[in-house]
file data01.cif (mmCIF, N, CA and C atoms)
data_data
loop_
_atom_site.label_atom_id
_atom_site.label_comp_id
_atom_site.auth_asym_id
_atom_site.auth_seq_id
_atom_site.Cartn_x
_atom_site.Cartn_y
_atom_site.Cartn_z
N MET A 1 -1.44 17.07 -22.21
CA MET A 1 -2.55 16.16 -22.18
C MET A 1 -2.06 14.81 -21.66
N VAL A 2 -2.81 14.20 -20.74
CA VAL A 2 -2.45 12.92 -20.15
C VAL A 2 -3.12 11.80 -20.92
N HIS A 3 -2.35 10.80 -21.27
CA HIS A 3 -2.87 9.65 -21.99
C HIS A 3 -2.83 8.42 -21.09
N ALA A 4 -3.90 7.65 -21.11
CA ALA A 4 -3.93 6.39 -20.36
C ALA A 4 -3.04 5.38 -21.08
N PRO A 5 -2.35 4.53 -20.31
CA PRO A 5 -1.50 3.53 -20.96
C PRO A 5 -2.36 2.49 -21.69
N SER A 6 -1.82 2.00 -22.79
CA SER A 6 -2.54 0.95 -23.51
C SER A 6 -2.41 -0.35 -22.75
N ARG A 7 -3.28 -1.33 -23.08
CA ARG A 7 -3.26 -2.63 -22.40
C ARG A 7 -1.92 -3.33 -22.61
N ARG A 8 -1.28 -3.08 -23.72
CA ARG A 8 -0.03 -3.76 -24.03
C ARG A 8 1.19 -3.01 -23.51
N GLN A 9 1.02 -1.81 -23.05
CA GLN A 9 2.13 -1.02 -22.58
C GLN A 9 2.70 -1.61 -21.29
N ARG A 10 4.01 -1.66 -21.19
CA ARG A 10 4.66 -2.18 -19.99
C ARG A 10 4.48 -1.19 -18.85
N ILE A 11 4.26 -1.70 -17.65
CA ILE A 11 4.10 -0.84 -16.48
C ILE A 11 5.49 -0.56 -15.91
N PRO A 12 5.90 0.70 -15.91
CA PRO A 12 7.24 1.01 -15.42
C PRO A 12 7.34 0.78 -13.91
N GLY A 13 8.47 0.22 -13.51
CA GLY A 13 8.72 -0.02 -12.09
C GLY A 13 8.70 1.25 -11.27
N ARG A 14 9.18 2.34 -11.85
CA ARG A 14 9.22 3.61 -11.12
C ARG A 14 7.81 4.08 -10.77
N ALA A 15 6.88 3.93 -11.71
CA ALA A 15 5.49 4.34 -11.46
C ALA A 15 4.88 3.50 -10.34
N LEU A 16 5.15 2.21 -10.35
CA LEU A 16 4.65 1.36 -9.27
C LEU A 16 5.29 1.74 -7.94
N ALA A 17 6.58 2.06 -7.96
CA ALA A 17 7.26 2.47 -6.72
C ALA A 17 6.67 3.76 -6.18
N VAL A 18 6.42 4.72 -7.04
CA VAL A 18 5.81 5.99 -6.61
C VAL A 18 4.43 5.74 -6.02
N ALA A 19 3.67 4.84 -6.63
CA ALA A 19 2.31 4.56 -6.19
C ALA A 19 2.26 3.85 -4.83
N THR A 20 3.40 3.35 -4.35
CA THR A 20 3.41 2.73 -3.02
C THR A 20 3.39 3.78 -1.91
N HIS A 21 3.55 5.05 -2.28
CA HIS A 21 3.73 6.12 -1.29
C HIS A 21 5.01 5.79 -0.53
N ALA A 22 6.10 5.77 -1.28
CA ALA A 22 7.38 5.23 -0.83
C ALA A 22 7.89 5.81 0.49
N GLY A 23 7.75 7.10 0.70
CA GLY A 23 8.25 7.70 1.94
C GLY A 23 7.64 7.06 3.18
N PRO A 24 6.31 7.12 3.32
CA PRO A 24 5.69 6.48 4.49
C PRO A 24 5.90 4.97 4.53
N THR A 25 5.89 4.32 3.37
CA THR A 25 6.08 2.87 3.32
C THR A 25 7.44 2.50 3.88
N VAL A 26 8.47 3.18 3.43
CA VAL A 26 9.83 2.91 3.92
C VAL A 26 9.94 3.26 5.40
N ALA A 27 9.40 4.40 5.80
CA ALA A 27 9.50 4.82 7.20
C ALA A 27 8.85 3.80 8.14
N VAL A 28 7.64 3.38 7.83
CA VAL A 28 6.93 2.42 8.68
C VAL A 28 7.68 1.09 8.71
N THR A 29 8.17 0.66 7.56
CA THR A 29 8.89 -0.61 7.50
C THR A 29 10.19 -0.56 8.29
N VAL A 30 10.93 0.53 8.17
CA VAL A 30 12.19 0.67 8.91
C VAL A 30 11.92 0.71 10.41
N VAL A 31 10.93 1.47 10.85
CA VAL A 31 10.62 1.54 12.28
C VAL A 31 10.22 0.17 12.81
N ALA A 32 9.37 -0.54 12.10
CA ALA A 32 8.95 -1.88 12.55
C ALA A 32 10.14 -2.83 12.62
N THR A 33 11.02 -2.76 11.62
CA THR A 33 12.19 -3.63 11.59
C THR A 33 13.13 -3.29 12.75
N LEU A 34 13.32 -2.01 13.00
CA LEU A 34 14.19 -1.60 14.13
C LEU A 34 13.58 -2.02 15.47
N LEU A 35 12.27 -1.97 15.58
CA LEU A 35 11.62 -2.44 16.81
C LEU A 35 11.83 -3.95 16.99
N ALA A 36 11.81 -4.69 15.89
CA ALA A 36 12.07 -6.13 15.95
C ALA A 36 13.51 -6.39 16.39
N VAL A 37 14.44 -5.59 15.88
CA VAL A 37 15.84 -5.70 16.31
C VAL A 37 15.96 -5.37 17.80
N ALA A 38 15.32 -4.28 18.23
CA ALA A 38 15.37 -3.87 19.64
C ALA A 38 14.76 -4.93 20.55
N ALA A 39 13.79 -5.68 20.04
CA ALA A 39 13.16 -6.76 20.82
C ALA A 39 14.04 -8.01 20.82
N GLN A 40 15.19 -7.93 20.18
CA GLN A 40 16.17 -9.01 20.13
C GLN A 40 15.62 -10.29 19.48
N LEU A 41 14.84 -10.09 18.43
CA LEU A 41 14.36 -11.23 17.66
C LEU A 41 15.52 -11.80 16.84
N SER A 42 15.40 -13.04 16.44
CA SER A 42 16.42 -13.64 15.58
C SER A 42 16.45 -12.90 14.24
N ALA A 43 17.57 -13.04 13.54
CA ALA A 43 17.71 -12.36 12.25
C ALA A 43 16.60 -12.78 11.28
N GLY A 44 16.26 -14.06 11.27
CA GLY A 44 15.19 -14.53 10.39
C GLY A 44 13.85 -13.93 10.73
N ARG A 45 13.58 -13.80 12.02
CA ARG A 45 12.31 -13.22 12.45
C ARG A 45 12.27 -11.72 12.18
N VAL A 46 13.40 -11.04 12.35
CA VAL A 46 13.48 -9.61 12.01
C VAL A 46 13.18 -9.43 10.52
N ALA A 47 13.77 -10.28 9.68
CA ALA A 47 13.52 -10.20 8.23
C ALA A 47 12.05 -10.46 7.93
N LEU A 48 11.45 -11.43 8.61
CA LEU A 48 10.05 -11.74 8.38
C LEU A 48 9.16 -10.56 8.79
N VAL A 49 9.46 -9.93 9.92
CA VAL A 49 8.71 -8.73 10.34
C VAL A 49 8.82 -7.66 9.26
N GLY A 50 10.05 -7.41 8.80
CA GLY A 50 10.26 -6.38 7.79
C GLY A 50 9.50 -6.67 6.50
N LEU A 51 9.55 -7.91 6.05
CA LEU A 51 8.85 -8.28 4.81
C LEU A 51 7.33 -8.20 4.97
N ALA A 52 6.82 -8.66 6.12
CA ALA A 52 5.37 -8.62 6.36
C ALA A 52 4.87 -7.17 6.40
N VAL A 53 5.60 -6.32 7.11
CA VAL A 53 5.21 -4.91 7.19
C VAL A 53 5.33 -4.25 5.82
N LEU A 54 6.40 -4.52 5.10
CA LEU A 54 6.58 -3.95 3.77
C LEU A 54 5.45 -4.36 2.84
N ALA A 55 5.09 -5.63 2.83
CA ALA A 55 4.00 -6.09 1.97
C ALA A 55 2.69 -5.39 2.32
N GLY A 56 2.41 -5.25 3.60
CA GLY A 56 1.19 -4.56 4.02
C GLY A 56 1.18 -3.10 3.62
N GLN A 57 2.30 -2.43 3.81
CA GLN A 57 2.39 -1.01 3.48
C GLN A 57 2.30 -0.77 1.98
N VAL A 58 2.95 -1.63 1.20
CA VAL A 58 2.88 -1.52 -0.26
C VAL A 58 1.43 -1.72 -0.71
N SER A 59 0.75 -2.70 -0.11
CA SER A 59 -0.64 -2.95 -0.49
C SER A 59 -1.52 -1.74 -0.18
N ILE A 60 -1.26 -1.09 0.93
CA ILE A 60 -2.03 0.10 1.31
C ILE A 60 -1.77 1.24 0.32
N GLY A 61 -0.53 1.47 -0.02
CA GLY A 61 -0.19 2.53 -0.98
C GLY A 61 -0.82 2.29 -2.34
N TRP A 62 -0.68 1.06 -2.84
CA TRP A 62 -1.25 0.76 -4.15
C TRP A 62 -2.77 0.83 -4.12
N SER A 63 -3.38 0.37 -3.02
CA SER A 63 -4.84 0.45 -2.96
C SER A 63 -5.31 1.90 -2.93
N ASN A 64 -4.53 2.76 -2.30
CA ASN A 64 -4.89 4.17 -2.26
C ASN A 64 -4.94 4.76 -3.67
N ASP A 65 -3.89 4.51 -4.45
CA ASP A 65 -3.86 5.09 -5.79
C ASP A 65 -4.88 4.43 -6.71
N TRP A 66 -5.16 3.16 -6.51
CA TRP A 66 -6.19 2.47 -7.30
C TRP A 66 -7.57 3.03 -6.96
N LEU A 67 -7.90 3.10 -5.67
CA LEU A 67 -9.24 3.53 -5.25
C LEU A 67 -9.48 5.02 -5.48
N ASP A 68 -8.42 5.81 -5.47
CA ASP A 68 -8.55 7.26 -5.67
C ASP A 68 -8.29 7.70 -7.11
N ALA A 69 -8.15 6.76 -8.04
CA ALA A 69 -7.75 7.11 -9.40
C ALA A 69 -8.68 8.14 -10.04
N ASP A 70 -9.99 7.93 -9.95
CA ASP A 70 -10.92 8.88 -10.57
C ASP A 70 -10.84 10.25 -9.90
N ARG A 71 -10.78 10.26 -8.59
CA ARG A 71 -10.69 11.53 -7.87
C ARG A 71 -9.37 12.25 -8.19
N ASP A 72 -8.27 11.49 -8.23
CA ASP A 72 -6.97 12.09 -8.55
C ASP A 72 -6.96 12.69 -9.95
N ARG A 73 -7.62 12.01 -10.90
CA ARG A 73 -7.73 12.56 -12.26
C ARG A 73 -8.58 13.82 -12.26
N ALA A 74 -9.69 13.79 -11.51
CA ALA A 74 -10.62 14.93 -11.49
C ALA A 74 -9.96 16.19 -10.95
N VAL A 75 -9.05 16.02 -10.01
CA VAL A 75 -8.38 17.20 -9.42
C VAL A 75 -6.98 17.40 -9.99
N ALA A 76 -6.67 16.64 -11.07
CA ALA A 76 -5.41 16.77 -11.80
C ALA A 76 -4.18 16.65 -10.90
N ARG A 77 -4.13 15.60 -10.08
CA ARG A 77 -2.98 15.34 -9.22
C ARG A 77 -1.80 14.88 -10.07
N ALA A 78 -1.04 15.82 -10.56
CA ALA A 78 0.06 15.53 -11.48
C ALA A 78 1.14 14.65 -10.86
N ASP A 79 1.17 14.52 -9.52
CA ASP A 79 2.16 13.69 -8.84
C ASP A 79 1.78 12.22 -8.82
N LYS A 80 0.59 11.89 -9.29
CA LYS A 80 0.09 10.52 -9.24
C LYS A 80 0.36 9.79 -10.55
N PRO A 81 0.95 8.58 -10.50
CA PRO A 81 1.24 7.82 -11.72
C PRO A 81 0.00 7.53 -12.57
N VAL A 82 -1.17 7.35 -11.96
CA VAL A 82 -2.39 7.11 -12.73
C VAL A 82 -2.72 8.35 -13.57
N VAL A 83 -2.62 9.51 -12.98
CA VAL A 83 -2.92 10.76 -13.68
C VAL A 83 -1.91 11.00 -14.80
N GLN A 84 -0.66 10.62 -14.57
CA GLN A 84 0.39 10.77 -15.57
C GLN A 84 0.23 9.78 -16.71
N GLY A 85 -0.62 8.77 -16.52
CA GLY A 85 -0.79 7.73 -17.53
C GLY A 85 0.29 6.67 -17.47
N ALA A 86 1.07 6.65 -16.39
CA ALA A 86 2.18 5.70 -16.27
C ALA A 86 1.74 4.33 -15.77
N VAL A 87 0.57 4.26 -15.14
CA VAL A 87 0.07 2.99 -14.64
C VAL A 87 -1.45 3.00 -14.67
N ASP A 88 -2.03 1.88 -14.97
CA ASP A 88 -3.47 1.74 -15.06
C ASP A 88 -4.04 1.35 -13.70
N PRO A 89 -5.19 1.89 -13.30
CA PRO A 89 -5.78 1.51 -12.01
C PRO A 89 -5.99 0.00 -11.87
N ALA A 90 -6.31 -0.68 -12.95
CA ALA A 90 -6.49 -2.14 -12.87
C ALA A 90 -5.19 -2.84 -12.49
N ALA A 91 -4.08 -2.34 -12.99
CA ALA A 91 -2.78 -2.90 -12.62
C ALA A 91 -2.49 -2.65 -11.14
N LEU A 92 -2.86 -1.46 -10.67
CA LEU A 92 -2.68 -1.17 -9.24
C LEU A 92 -3.56 -2.06 -8.38
N ARG A 93 -4.78 -2.32 -8.84
CA ARG A 93 -5.68 -3.21 -8.10
C ARG A 93 -5.06 -4.59 -7.97
N THR A 94 -4.57 -5.11 -9.09
CA THR A 94 -3.95 -6.44 -9.08
C THR A 94 -2.73 -6.46 -8.16
N ALA A 95 -1.90 -5.44 -8.26
CA ALA A 95 -0.71 -5.36 -7.42
C ALA A 95 -1.08 -5.23 -5.94
N ALA A 96 -2.07 -4.40 -5.65
CA ALA A 96 -2.50 -4.20 -4.25
C ALA A 96 -3.04 -5.48 -3.65
N LEU A 97 -3.85 -6.21 -4.42
CA LEU A 97 -4.42 -7.46 -3.91
C LEU A 97 -3.34 -8.53 -3.74
N ALA A 98 -2.38 -8.58 -4.65
CA ALA A 98 -1.28 -9.54 -4.53
C ALA A 98 -0.42 -9.22 -3.30
N ALA A 99 -0.13 -7.93 -3.10
CA ALA A 99 0.66 -7.53 -1.93
C ALA A 99 -0.10 -7.80 -0.63
N ALA A 100 -1.42 -7.58 -0.65
CA ALA A 100 -2.23 -7.87 0.54
C ALA A 100 -2.20 -9.37 0.84
N ALA A 101 -2.29 -10.19 -0.18
CA ALA A 101 -2.22 -11.64 0.02
C ALA A 101 -0.87 -12.03 0.61
N ALA A 102 0.19 -11.44 0.09
CA ALA A 102 1.53 -11.70 0.64
C ALA A 102 1.61 -11.24 2.09
N ALA A 103 1.01 -10.09 2.39
CA ALA A 103 1.01 -9.59 3.77
C ALA A 103 0.30 -10.55 4.71
N VAL A 104 -0.79 -11.14 4.25
CA VAL A 104 -1.52 -12.11 5.08
C VAL A 104 -0.63 -13.31 5.39
N VAL A 105 -0.05 -13.88 4.36
CA VAL A 105 0.80 -15.07 4.55
C VAL A 105 1.99 -14.74 5.45
N LEU A 106 2.71 -13.67 5.14
CA LEU A 106 3.90 -13.31 5.90
C LEU A 106 3.55 -12.96 7.35
N SER A 107 2.45 -12.25 7.54
CA SER A 107 2.03 -11.88 8.89
C SER A 107 1.70 -13.11 9.71
N LEU A 108 0.96 -14.03 9.13
CA LEU A 108 0.56 -15.23 9.88
C LEU A 108 1.75 -16.14 10.17
N LEU A 109 2.81 -16.05 9.37
CA LEU A 109 4.03 -16.79 9.66
C LEU A 109 4.69 -16.30 10.96
N LEU A 110 4.36 -15.09 11.37
CA LEU A 110 4.88 -14.56 12.64
C LEU A 110 4.20 -15.21 13.84
N GLY A 111 3.09 -15.88 13.61
CA GLY A 111 2.31 -16.49 14.69
C GLY A 111 0.94 -15.83 14.73
N PRO A 112 -0.01 -16.49 15.39
CA PRO A 112 -1.38 -15.98 15.35
C PRO A 112 -1.55 -14.59 15.97
N VAL A 113 -0.98 -14.35 17.13
CA VAL A 113 -1.20 -13.05 17.78
C VAL A 113 -0.48 -11.92 17.04
N PRO A 114 0.84 -12.00 16.82
CA PRO A 114 1.47 -10.89 16.10
C PRO A 114 0.95 -10.77 14.67
N GLY A 115 0.65 -11.91 14.04
CA GLY A 115 0.13 -11.87 12.68
C GLY A 115 -1.20 -11.16 12.58
N LEU A 116 -2.11 -11.51 13.47
CA LEU A 116 -3.43 -10.86 13.45
C LEU A 116 -3.34 -9.39 13.82
N LEU A 117 -2.45 -9.05 14.76
CA LEU A 117 -2.29 -7.63 15.11
C LEU A 117 -1.78 -6.83 13.91
N LEU A 118 -0.82 -7.39 13.20
CA LEU A 118 -0.31 -6.70 12.01
C LEU A 118 -1.39 -6.58 10.95
N LEU A 119 -2.20 -7.61 10.79
CA LEU A 119 -3.26 -7.57 9.79
C LEU A 119 -4.37 -6.59 10.16
N VAL A 120 -4.58 -6.35 11.44
CA VAL A 120 -5.53 -5.30 11.86
C VAL A 120 -5.01 -3.94 11.37
N LEU A 121 -3.71 -3.73 11.47
CA LEU A 121 -3.14 -2.47 10.99
C LEU A 121 -3.28 -2.33 9.48
N VAL A 122 -3.02 -3.40 8.76
CA VAL A 122 -3.17 -3.36 7.30
C VAL A 122 -4.64 -3.13 6.93
N ALA A 123 -5.53 -3.82 7.60
CA ALA A 123 -6.97 -3.65 7.32
C ALA A 123 -7.42 -2.22 7.61
N SER A 124 -6.85 -1.61 8.64
CA SER A 124 -7.25 -0.23 8.95
C SER A 124 -6.78 0.72 7.86
N GLY A 125 -5.62 0.46 7.27
CA GLY A 125 -5.15 1.27 6.14
C GLY A 125 -6.04 1.11 4.93
N TRP A 126 -6.45 -0.12 4.66
CA TRP A 126 -7.37 -0.36 3.55
C TRP A 126 -8.73 0.29 3.81
N ALA A 127 -9.20 0.21 5.05
CA ALA A 127 -10.50 0.82 5.39
C ALA A 127 -10.45 2.33 5.18
N TYR A 128 -9.33 2.94 5.56
CA TYR A 128 -9.16 4.38 5.34
C TYR A 128 -9.25 4.69 3.85
N ASN A 129 -8.51 3.92 3.04
CA ASN A 129 -8.51 4.15 1.59
C ASN A 129 -9.87 3.89 0.96
N ALA A 130 -10.60 2.92 1.49
CA ALA A 130 -11.88 2.52 0.90
C ALA A 130 -13.01 3.49 1.21
N GLY A 131 -12.76 4.51 2.00
CA GLY A 131 -13.80 5.50 2.24
C GLY A 131 -13.86 6.07 3.63
N LEU A 132 -13.22 5.43 4.58
CA LEU A 132 -13.24 5.94 5.95
C LEU A 132 -12.66 7.35 6.03
N LYS A 133 -11.75 7.67 5.11
CA LYS A 133 -11.11 8.99 5.12
C LYS A 133 -12.09 10.14 4.87
N ARG A 134 -13.26 9.81 4.30
CA ARG A 134 -14.25 10.84 4.02
C ARG A 134 -15.29 10.96 5.12
N THR A 135 -15.02 10.36 6.28
CA THR A 135 -15.99 10.34 7.38
C THR A 135 -15.38 10.96 8.64
N ALA A 136 -16.23 11.13 9.64
CA ALA A 136 -15.77 11.66 10.92
C ALA A 136 -14.83 10.67 11.62
N ALA A 137 -14.85 9.41 11.21
CA ALA A 137 -14.01 8.38 11.81
C ALA A 137 -12.66 8.25 11.11
N SER A 138 -12.29 9.22 10.30
CA SER A 138 -11.09 9.12 9.49
C SER A 138 -9.81 8.99 10.32
N GLY A 139 -9.81 9.43 11.55
CA GLY A 139 -8.62 9.33 12.39
C GLY A 139 -8.42 7.96 13.00
N LEU A 140 -9.44 7.11 12.98
CA LEU A 140 -9.32 5.79 13.62
C LEU A 140 -8.17 4.94 13.11
N PRO A 141 -7.92 4.86 11.82
CA PRO A 141 -6.78 4.05 11.37
C PRO A 141 -5.44 4.57 11.92
N TYR A 142 -5.32 5.86 12.11
CA TYR A 142 -4.07 6.41 12.64
C TYR A 142 -3.94 6.10 14.13
N VAL A 143 -5.06 6.11 14.84
CA VAL A 143 -5.06 5.76 16.25
C VAL A 143 -4.71 4.29 16.43
N THR A 144 -5.23 3.47 15.51
CA THR A 144 -4.96 2.03 15.55
C THR A 144 -3.48 1.78 15.43
#
call {"tool": "encode", "arguments": {"input": "data01.cif", "output": "structure tokens"}}
result
Amino acid sequence: MVHAPSRRQRIPGRALAVATHAGPTVAVTVVATLLAVAAQLSAGRVALVGLAVLAGQVSIGWSNDWLDADRDRAVARADKPVVQGAVDPAALRTAALAAAAAAVVLSLLLGPVPGLLLLVLVASGWAYNAGLKRTAASGLPYVT
């Protein structure tokens, strides 16, 4: 039987890490960082690209688990921290919104054009999670 965490229960870091969808998050972040290196950006700018992409990807992963919490419970997705009772959807919402805010700031520090382009990618991930995935347009975020 799965129990929801109490309000006072500490949120384990491992559950939050799993909820980021760590594999894709790390892969996208590494590829973006390597592309920044290949573009011969300064070390500081490479780090900024990596952090901006990481913040955006983490926000997308957390928003996915937050927005899909009821559906994941209904289909007993035992691999999901919300279903396991390891993290509360409200905590994921807070974390996702904080990471999205960090992604906005970090992205815009790259400059208006690269920052806005990166934020279009983050917004497309959020749009997919928010319901686009249940429509005929579900492939658009991947094309973006």
call {"tool": "closest_residue", "arguments": {"input": "data01.cif", "among": "A:Arg77, A:Trp62, A:Val46, A:Gly111", "to": "A:Thr94", "atoms": "all atoms listed in the file"}}
result
A:Trp62
call {"tool": "resolve_selection", "arguments": {"input": "data01.cif", "expression": "the PyMOL selection byres ((chain A and resi 23-29) around 8)", "output": "list in words"}}
result
Ala17, Val18, Thr20, His21, Ala22, Val30, Val31, Ala32, Thr33, Leu34, Leu35, Val49, Gly50, Leu51, Ala52, Val53, Leu54, Ala55, Gly56, Gln57, Val58 and Gly61 of chain A
call {"tool": "resolve_selection", "arguments": {"input": "data01.cif", "expression": "the PyMOL selection byres ((chain A and resi 100) around 8)", "output": "ChimeraX atom specification"}}
result
/A:55-60,94-99,101-106
call {"tool": "resolve_selection", "arguments": {"input": "data01.cif", "expression": "the PyMOL selection byres ((chain A and resi 66) around 7)", "output": "MDAnalysis selection string"}}
result
chainID A and resid 61:65 67:70 88:90 92:93
call {"tool": "residues_around", "arguments": {"input": "data01.cif", "residues": "A:Tyr142", "least_positions_apart": "4", "cutoff": "8 Å", "atoms": "all atoms listed in the file", "output": "ChimeraX atom specification"}}
result
/A:124-125,128,137-138
call {"tool": "atom_distance", "arguments": {"input": "data01.cif", "atom1": "atom CA of A:Ala19", "atom2": "atom CA of A:Ser107"}}
result
22.3 Å
call {"tool": "atom_distance", "arguments": {"input": "data01.cif", "atom1": "atom CA of A:Pro81", "atom2": "atom N of A:Leu16"}}
result
7.0 Å
call {"tool": "atom_distance", "arguments": {"input": "data01.cif", "atom1": "atom CA of A:Leu108", "atom2": "atom CA of A:Ala39"}}
result
18.7 Å
call {"tool": "axis_aligned_box", "arguments": {"input": "data01.cif", "around": "stretch 100-118 of chain A", "padding_each_side": "3 Å", "output": "JSON"}}
result
{"center_x": 0.7, "center_y": -11.7, "center_z": 8.6, "size_x": 14.3, "size_y": 16.2, "size_z": 24.4}
